[in-house]
Amino acid sequence: MNIVQLIASLSILVFVHELGHFFFARLFGTRVEKFYLFFNPWFSLFKWQSKRSGTIYGLGWLPLGGYCQIAGMVDESMDTEQLASAPKPDEFRSKKTWQRLLIMAGGIIFNLILAFFIYVSVAFVWGDKRLEPSRVQVGWEFSETMHGVGFVDGDIITAIDGDRGFNALDASVVERLVNASEVSVLRGAEERTISIPSDMMQRVLRDGKGVASLRIPFIIEELNNIALREAGVRPGDEVIGVAGKSTASMRQVMEALAEHAGQTIELQLRRDSLRLSVALSEDGKLGVMLRSPEKIFEMEQVDYSLLEAVPAGASKAKQTIVSYVEGLRHIFTKEGAQSLGGLGTMAKLFPAGFSWQAFWMTTAFLSIILAVMNLLPIPALDGGHIVFILIEMLTGRKLSDQVMGYIQMTGMILLLLLMLYANGNDIYRYLIKG
């Protein structure tokens, strides 16, 4: 399911990205030779040539992207044969610098527009959920790295750098914890302040153990196991102990159950501290449906009208862009380089089950990543072309097509090595670290 969602999402993103290049190319009368979704080495699943524009539209068989081949431009196709002849009026190289700049930036612009549109649509259709920090009565769970600076499982986060009004459900909370100067937590009846070291992000990246998550109780919503019902378990019961070991969260319960798969164990419930003997399945399951976090916590549903959804979506898009751009600086550290991931890491962004809301939110996030990454001044990316065009606009001198070809080839090699490294990290983490 993760892989299917990733392919579907990337197909949408690449199509929209290449559509941006196509739109501005056609707007300025530039000939587009091919417009393809997916790559088509050796053959195409479908292709059609427009008699009016001459553009070949096609569907490739290799679902790893797509491309828009613009006449008179040195691109990833490395087709330099056409550049040997004199420039034609409908070629990319014959257009004004500001027109070429917009053609190259078109993919980035369209990806940002897509992210904005998705965020607005999600806000309008599903609204938003808020969870006040004070309502997280069961507290948070923290990684070993966070334990090292003073956090304790069960701490209730009350303020991040003095902000007590944050949404505990917001994905940015984790990042804010790492980048904060100080975090206030409620431990028992006492509020404490924990100082966050300046190298916290490097520690998190180096250890690879995550940061924090809401502590969600293991509360049974429905019983599918007749034996459990006969043993005295009821809907609404909370499991607080497994095989003599105290468990304070859903994660801890599930880990303990997995350790005793296929065994008969003692289960402790919060109700009257009841202890029951139950048999686990071979995969360590109880055979129950769990209560959703929406029912456990007092969440506030925030609905938006269409007019209200626009600024809400714009705010989400801005927040995501700023957060991602700020995080890019960590890539150039040793820990950041080791944490780079490829397609496997991207697939994990999607939930194991399917949810339209989660799919579109992840697609919007990936759209922003695609836009920002393409702004990087690497010759094989849009950002590399944009830099050369800006230099031409400032100096009045244009690099020769031959030099551009060499630079493009160098950029392609660097980009390929980066992709191999990122996907190699995924394979290493899967095979070695598990």
# chains A, B, ... in the order shown; residues from 1 in each chain; ligands from 1
call {"tool": "residues_around", "arguments": {"residues": "Asp199 of chain A", "least_positions_apart": "6", "cutoff": "12 Å", "atoms": "only C-alpha atoms", "output": "list of chain:residue names"}}
result
A:Thr145, A:Val149, A:Val178, A:Asn179, A:Ala180, A:Ser181, A:Leu205, A:Arg206, A:His330, A:Thr333, A:Glu335
call {"tool": "residues_around", "arguments": {"residues": "segment 372-375 of chain A", "least_positions_apart": "2", "cutoff": "12 Å", "atoms": "only C-alpha atoms", "output": "compact mmCIF listing (two decimals) with C-alpha atoms, in the first residue's frame"}}
result
# COMPACT_ATOMS: atom_id res chain seq x y z
CA VAL A 14 5.82 14.89 -11.81
CA HIS A 17 5.86 19.76 -12.47
CA MET A 104 12.62 26.81 -16.21
CA ALA A 105 10.86 27.96 -13.02
CA GLY A 106 7.48 26.73 -14.27
CA GLY A 107 7.77 23.30 -12.64
CA ILE A 108 8.68 24.81 -9.27
CA ILE A 109 5.85 27.35 -9.51
CA PHE A 110 3.28 24.70 -10.37
CA ASN A 111 4.42 22.40 -7.54
CA LEU A 112 4.04 25.24 -5.03
CA ALA A 115 0.70 22.23 -2.52
CA THR A 320 5.84 23.64 5.69
CA ILE A 321 8.11 25.51 3.27
CA VAL A 322 9.88 27.44 6.03
CA SER A 323 10.28 24.30 8.13
CA TYR A 324 11.70 22.26 5.26
CA VAL A 325 14.08 25.00 4.08
CA GLU A 326 15.39 25.51 7.61
CA GLY A 327 15.94 21.77 7.95
CA LEU A 328 18.02 21.61 4.76
CA PHE A 365 4.45 17.85 1.51
CA LEU A 366 6.26 15.97 -1.28
CA SER A 367 5.23 18.67 -3.75
CA ILE A 368 6.98 21.25 -1.58
CA ILE A 369 10.05 19.00 -1.30
CA LEU A 370 10.13 18.64 -5.10
CA PRO A 377 21.83 25.13 -7.98
CA ILE A 378 22.71 21.68 -9.33
CA PRO A 379 23.11 21.82 -13.15
CA ALA A 380 20.85 18.81 -13.78
CA LEU A 381 18.02 20.45 -11.80
CA ASP A 382 15.88 23.45 -12.68
CA GLY A 383 17.83 25.50 -10.14
CA GLY A 384 21.05 25.01 -12.11
CA HIS A 385 19.45 26.34 -15.30
CA ILE A 386 17.93 29.23 -13.37
CA VAL A 387 21.33 30.23 -11.97
CA LEU A 415 22.58 13.83 -9.13
call {"tool": "select_by_dssp", "arguments": {"residues": "segment 216-299 of chain A", "states": "helix (DSSP H, G or I)", "output": "list in words"}}
result
Ile226, Ala227, Leu228, Arg229, Glu230, Ala231, Met250, Arg251, Gln252, Val253, Met254, Glu255, Ala256, Leu257, Ala258, Glu259, Arg271, Asp272, Ser273, Pro293, Glu294, Lys295 and Ile296 of chain A
call {"tool": "write_last_selection", "arguments": {"atoms": "C-alpha atoms", "output": "JSON list (two decimals), in the first residue's frame"}}
result
[["chain", "number", "residue", "atom", "x", "y", "z"],
["A", 226, "ILE", "CA", -14.90, -14.70, 22.33],
["A", 227, "ALA", "CA", -12.35, -16.16, 24.76],
["A", 228, "LEU", "CA", -11.46, -12.67, 26.00],
["A", 229, "ARG", "CA", -15.11, -11.86, 26.55],
["A", 230, "GLU", "CA", -15.58, -15.07, 28.51],
["A", 231, "ALA", "CA", -12.47, -14.25, 30.55],
["A", 250, "MET", "CA", -0.41, 1.33, 23.26],
["A", 251, "ARG", "CA", 3.14, 0.98, 21.96],
["A", 252, "GLN", "CA", 4.37, -0.66, 25.14],
["A", 253, "VAL", "CA", 1.42, -3.06, 25.25],
["A", 254, "MET", "CA", 1.91, -4.11, 21.62],
["A", 255, "GLU", "CA", 5.65, -4.64, 22.12],
["A", 256, "ALA", "CA", 4.99, -6.76, 25.23],
["A", 257, "LEU", "CA", 2.34, -8.83, 23.44],
["A", 258, "ALA", "CA", 4.75, -9.48, 20.56],
["A", 259, "GLU", "CA", 7.36, -10.77, 23.02],
["A", 271, "ARG", "CA", -10.70, -1.58, 36.02],
["A", 272, "ASP", "CA", -10.39, -2.75, 39.61],
["A", 273, "SER", "CA", -6.76, -3.71, 38.83],
["A", 293, "PRO", "CA", -7.24, 8.84, 19.69],
["A", 294, "GLU", "CA", -10.15, 11.08, 18.63],
["A", 295, "LYS", "CA", -12.31, 9.36, 21.27],
["A", 296, "ILE", "CA", -9.59, 9.22, 23.92]]
call {"tool": "atom_distance", "arguments": {"atom1": "atom CA of Arg203 of chain A", "atom2": "atom CA of Glu191 of chain A"}}
result
25.2 Å
call {"tool": "residues_around", "arguments": {"residues": "segment 25-36 of chain A", "least_positions_apart": "2", "cutoff": "8 Å", "atoms": "only C-alpha atoms", "output": "JSON, numbers by chain"}}
result
{"A": [18, 21, 22, 23, 38, 39, 53, 54, 55, 56, 57, 58, 59, 60, 66, 67, 68, 69, 70, 71, 90, 91, 92, 95, 99, 103]}
call {"tool": "residues_around", "arguments": {"residues": "Ile157 of chain A", "least_positions_apart": "6", "cutoff": "12 Å", "atoms": "only C-alpha atoms", "output": "MDAnalysis selection string"}}
result
chainID A and resid 132:142 151 163:168 173:174 176:177 182:188 190:194 212:215
call {"tool": "closest_residue", "arguments": {"among": "A:Ala171, A:Ile391, A:Leu64, A:Leu276", "to": "Gln319 of chain A", "atoms": "only C-alpha atoms"}}
result
A:Ala171
call {"tool": "atom_distance", "arguments": {"atom1": "atom CA of Gly154 of chain A", "atom2": "atom CA of Gly210 of chain A"}}
result
16.4 Å
call {"tool": "closest_residue", "arguments": {"among": "A:Met289, A:Leu399, A:Leu390, A:Leu343", "to": "Val4 of chain A", "atoms": "only C-alpha atoms"}}
result
A:Leu343
call {"tool": "closest_residue", "arguments": {"among": "A:Phe24, A:Ala312, A:Trp61, A:Tyr430", "to": "Leu37 of chain A", "atoms": "only C-alpha atoms"}}
result
A:Trp61
call {"tool": "select_by_dssp", "arguments": {"residues": "segment 245-430 of chain A", "states": "strand (DSSP E or B)", "output": "list in words"}}
result
Lys245, Ser246, Thr264, Ile265, Glu266, Leu267, Gln268, Leu269, Arg275, Leu276, Ser277, Val278, Ala279, Val288, Met289, Leu290, Glu300, Gln301 and Val302 of chain A
call {"tool": "closest_residue", "arguments": {"among": "A:Thr345, A:Asn423, A:Ala314, A:Ala364", "to": "Ser9 of chain A", "atoms": "only C-alpha atoms"}}
result
A:Ala364
call {"tool": "atom_distance", "arguments": {"atom1": "atom CA of Asp207 of chain A", "atom2": "atom CA of Glu144 of chain A"}}
result
8.6 Å
call {"tool": "decode", "arguments": {"residues": "segment 374-415 of chain A", "atoms": "N, CA and C atoms", "output": "PDB file, in the first residue's frame"}}
result
ATOM      1  N   ASN A 374      14.317  21.291  -6.421  1.00  0.00           N
ATOM      2  CA  ASN A 374      14.601  21.737  -7.780  1.00  0.00           C
ATOM      3  C   ASN A 374      15.157  23.152  -7.831  1.00  0.00           C
ATOM      4  N   LEU A 375      15.093  23.860  -6.719  1.00  0.00           N
ATOM      5  CA  LEU A 375      15.697  25.194  -6.652  1.00  0.00           C
ATOM      6  C   LEU A 375      17.194  25.134  -6.359  1.00  0.00           C
ATOM      7  N   LEU A 376      17.674  23.973  -5.920  1.00  0.00           N
ATOM      8  CA  LEU A 376      19.090  23.840  -5.616  1.00  0.00           C
ATOM      9  C   LEU A 376      19.916  24.058  -6.880  1.00  0.00           C
ATOM     10  N   PRO A 377      21.029  24.791  -6.789  1.00  0.00           N
ATOM     11  CA  PRO A 377      21.831  25.133  -7.983  1.00  0.00           C
ATOM     12  C   PRO A 377      22.680  23.981  -8.505  1.00  0.00           C
ATOM     13  N   ILE A 378      22.034  22.838  -8.734  1.00  0.00           N
ATOM     14  CA  ILE A 378      22.708  21.685  -9.330  1.00  0.00           C
ATOM     15  C   ILE A 378      22.363  21.687 -10.820  1.00  0.00           C
ATOM     16  N   PRO A 379      23.359  21.673 -11.706  1.00  0.00           N
ATOM     17  CA  PRO A 379      23.105  21.821 -13.146  1.00  0.00           C
ATOM     18  C   PRO A 379      22.010  20.940 -13.706  1.00  0.00           C
ATOM     19  N   ALA A 380      21.862  19.710 -13.223  1.00  0.00           N
ATOM     20  CA  ALA A 380      20.851  18.814 -13.779  1.00  0.00           C
ATOM     21  C   ALA A 380      19.440  19.174 -13.326  1.00  0.00           C
ATOM     22  N   LEU A 381      19.324  20.044 -12.323  1.00  0.00           N
ATOM     23  CA  LEU A 381      18.021  20.447 -11.801  1.00  0.00           C
ATOM     24  C   LEU A 381      17.624  21.803 -12.368  1.00  0.00           C
ATOM     25  N   ASP A 382      16.361  22.164 -12.188  1.00  0.00           N
ATOM     26  CA  ASP A 382      15.884  23.453 -12.675  1.00  0.00           C
ATOM     27  C   ASP A 382      16.687  24.601 -12.078  1.00  0.00           C
ATOM     28  N   GLY A 383      17.081  24.443 -10.807  1.00  0.00           N
ATOM     29  CA  GLY A 383      17.826  25.499 -10.139  1.00  0.00           C
ATOM     30  C   GLY A 383      19.146  25.808 -10.821  1.00  0.00           C
ATOM     31  N   GLY A 384      19.802  24.787 -11.387  1.00  0.00           N
ATOM     32  CA  GLY A 384      21.050  25.014 -12.110  1.00  0.00           C
ATOM     33  C   GLY A 384      20.823  25.859 -13.340  1.00  0.00           C
ATOM     34  N   HIS A 385      19.791  25.538 -14.116  1.00  0.00           N
ATOM     35  CA  HIS A 385      19.452  26.338 -15.302  1.00  0.00           C
ATOM     36  C   HIS A 385      19.093  27.764 -14.904  1.00  0.00           C
ATOM     37  N   ILE A 386      18.346  27.906 -13.817  1.00  0.00           N
ATOM     38  CA  ILE A 386      17.928  29.233 -13.373  1.00  0.00           C
ATOM     39  C   ILE A 386      19.137  30.090 -13.009  1.00  0.00           C
ATOM     40  N   VAL A 387      20.116  29.481 -12.339  1.00  0.00           N
ATOM     41  CA  VAL A 387      21.332  30.225 -11.973  1.00  0.00           C
ATOM     42  C   VAL A 387      22.041  30.738 -13.216  1.00  0.00           C
ATOM     43  N   PHE A 388      22.179  29.894 -14.236  1.00  0.00           N
ATOM     44  CA  PHE A 388      22.866  30.300 -15.469  1.00  0.00           C
ATOM     45  C   PHE A 388      22.112  31.411 -16.181  1.00  0.00           C
ATOM     46  N   ILE A 389      20.791  31.334 -16.163  1.00  0.00           N
ATOM     47  CA  ILE A 389      19.990  32.381 -16.803  1.00  0.00           C
ATOM     48  C   ILE A 389      20.127  33.698 -16.032  1.00  0.00           C
ATOM     49  N   LEU A 390      20.140  33.621 -14.695  1.00  0.00           N
ATOM     50  CA  LEU A 390      20.307  34.834 -13.888  1.00  0.00           C
ATOM     51  C   LEU A 390      21.678  35.467 -14.134  1.00  0.00           C
ATOM     52  N   ILE A 391      22.713  34.627 -14.248  1.00  0.00           N
ATOM     53  CA  ILE A 391      24.048  35.142 -14.549  1.00  0.00           C
ATOM     54  C   ILE A 391      24.047  35.836 -15.905  1.00  0.00           C
ATOM     55  N   GLU A 392      23.358  35.233 -16.876  1.00  0.00           N
ATOM     56  CA  GLU A 392      23.256  35.836 -18.211  1.00  0.00           C
ATOM     57  C   GLU A 392      22.529  37.177 -18.152  1.00  0.00           C
ATOM     58  N   MET A 393      21.488  37.258 -17.338  1.00  0.00           N
ATOM     59  CA  MET A 393      20.734  38.507 -17.218  1.00  0.00           C
ATOM     60  C   MET A 393      21.591  39.607 -16.586  1.00  0.00           C
ATOM     61  N   LEU A 394      22.474  39.209 -15.673  1.00  0.00           N
ATOM     62  CA  LEU A 394      23.316  40.192 -14.994  1.00  0.00           C
ATOM     63  C   LEU A 394      24.524  40.607 -15.823  1.00  0.00           C
ATOM     64  N   THR A 395      25.104  39.659 -16.563  1.00  0.00           N
ATOM     65  CA  THR A 395      26.342  39.937 -17.310  1.00  0.00           C
ATOM     66  C   THR A 395      26.095  40.235 -18.782  1.00  0.00           C
ATOM     67  N   GLY A 396      24.954  39.813 -19.296  1.00  0.00           N
ATOM     68  CA  GLY A 396      24.672  40.005 -20.713  1.00  0.00           C
ATOM     69  C   GLY A 396      25.368  38.991 -21.599  1.00  0.00           C
ATOM     70  N   ARG A 397      26.010  37.984 -20.993  1.00  0.00           N
ATOM     71  CA  ARG A 397      26.728  36.961 -21.749  1.00  0.00           C
ATOM     72  C   ARG A 397      26.120  35.587 -21.481  1.00  0.00           C
ATOM     73  N   LYS A 398      25.972  34.811 -22.554  1.00  0.00           N
ATOM     74  CA  LYS A 398      25.366  33.501 -22.448  1.00  0.00           C
ATOM     75  C   LYS A 398      26.418  32.418 -22.648  1.00  0.00           C
ATOM     76  N   LEU A 399      26.365  31.389 -21.831  1.00  0.00           N
ATOM     77  CA  LEU A 399      27.271  30.262 -21.997  1.00  0.00           C
ATOM     78  C   LEU A 399      26.971  29.539 -23.302  1.00  0.00           C
ATOM     79  N   SER A 400      28.010  29.009 -23.933  1.00  0.00           N
ATOM     80  CA  SER A 400      27.808  28.284 -25.181  1.00  0.00           C
ATOM     81  C   SER A 400      27.056  26.988 -24.913  1.00  0.00           C
ATOM     82  N   ASP A 401      26.384  26.498 -25.964  1.00  0.00           N
ATOM     83  CA  ASP A 401      25.638  25.249 -25.825  1.00  0.00           C
ATOM     84  C   ASP A 401      26.555  24.086 -25.478  1.00  0.00           C
ATOM     85  N   GLN A 402      27.791  24.124 -26.004  1.00  0.00           N
ATOM     86  CA  GLN A 402      28.739  23.050 -25.719  1.00  0.00           C
ATOM     87  C   GLN A 402      29.113  23.030 -24.251  1.00  0.00           C
ATOM     88  N   VAL A 403      29.400  24.205 -23.683  1.00  0.00           N
ATOM     89  CA  VAL A 403      29.729  24.298 -22.263  1.00  0.00           C
ATOM     90  C   VAL A 403      28.539  23.875 -21.415  1.00  0.00           C
ATOM     91  N   MET A 404      27.345  24.304 -21.818  1.00  0.00           N
ATOM     92  CA  MET A 404      26.134  23.920 -21.090  1.00  0.00           C
ATOM     93  C   MET A 404      25.962  22.410 -21.096  1.00  0.00           C
ATOM     94  N   GLY A 405      26.326  21.776 -22.221  1.00  0.00           N
ATOM     95  CA  GLY A 405      26.223  20.319 -22.309  1.00  0.00           C
ATOM     96  C   GLY A 405      27.146  19.631 -21.327  1.00  0.00           C
ATOM     97  N   TYR A 406      28.403  20.142 -21.215  1.00  0.00           N
ATOM     98  CA  TYR A 406      29.356  19.564 -20.262  1.00  0.00           C
ATOM     99  C   TYR A 406      28.875  19.742 -18.820  1.00  0.00           C
ATOM    100  N   ILE A 407      28.376  20.926 -18.535  1.00  0.00           N
ATOM    101  CA  ILE A 407      27.897  21.213 -17.180  1.00  0.00           C
ATOM    102  C   ILE A 407      26.695  20.334 -16.845  1.00  0.00           C
ATOM    103  N   GLN A 408      25.793  20.177 -17.834  1.00  0.00           N
ATOM    104  CA  GLN A 408      24.609  19.353 -17.630  1.00  0.00           C
ATOM    105  C   GLN A 408      25.006  17.900 -17.351  1.00  0.00           C
ATOM    106  N   MET A 409      25.994  17.406 -18.089  1.00  0.00           N
ATOM    107  CA  MET A 409      26.456  16.036 -17.890  1.00  0.00           C
ATOM    108  C   MET A 409      27.056  15.866 -16.501  1.00  0.00           C
ATOM    109  N   THR A 410      27.842  16.841 -16.062  1.00  0.00           N
ATOM    110  CA  THR A 410      28.430  16.792 -14.720  1.00  0.00           C
ATOM    111  C   THR A 410      27.342  16.773 -13.651  1.00  0.00           C
ATOM    112  N   GLY A 411      26.349  17.628 -13.853  1.00  0.00           N
ATOM    113  CA  GLY A 411      25.241  17.674 -12.899  1.00  0.00           C
ATOM    114  C   GLY A 411      24.470  16.381 -12.854  1.00  0.00           C
ATOM    115  N   MET A 412      24.270  15.760 -14.016  1.00  0.00           N
ATOM    116  CA  MET A 412      23.556  14.481 -14.069  1.00  0.00           C
ATOM    117  C   MET A 412      24.309  13.411 -13.293  1.00  0.00           C
ATOM    118  N   ILE A 413      25.637  13.406 -13.425  1.00  0.00           N
ATOM    119  CA  ILE A 413      26.449  12.416 -12.704  1.00  0.00           C
ATOM    120  C   ILE A 413      26.349  12.642 -11.202  1.00  0.00           C
ATOM    121  N   LEU A 414      26.449  13.917 -10.778  1.00  0.00           N
ATOM    122  CA  LEU A 414      26.351  14.242  -9.351  1.00  0.00           C
ATOM    123  C   LEU A 414      24.986  13.856  -8.796  1.00  0.00           C
ATOM    124  N   LEU A 415      23.940  14.142  -9.570  1.00  0.00           N
ATOM    125  CA  LEU A 415      22.584  13.828  -9.127  1.00  0.00           C
ATOM    126  C   LEU A 415      22.381  12.319  -9.037  1.00  0.00           C
TER     127      LEU A 415
END
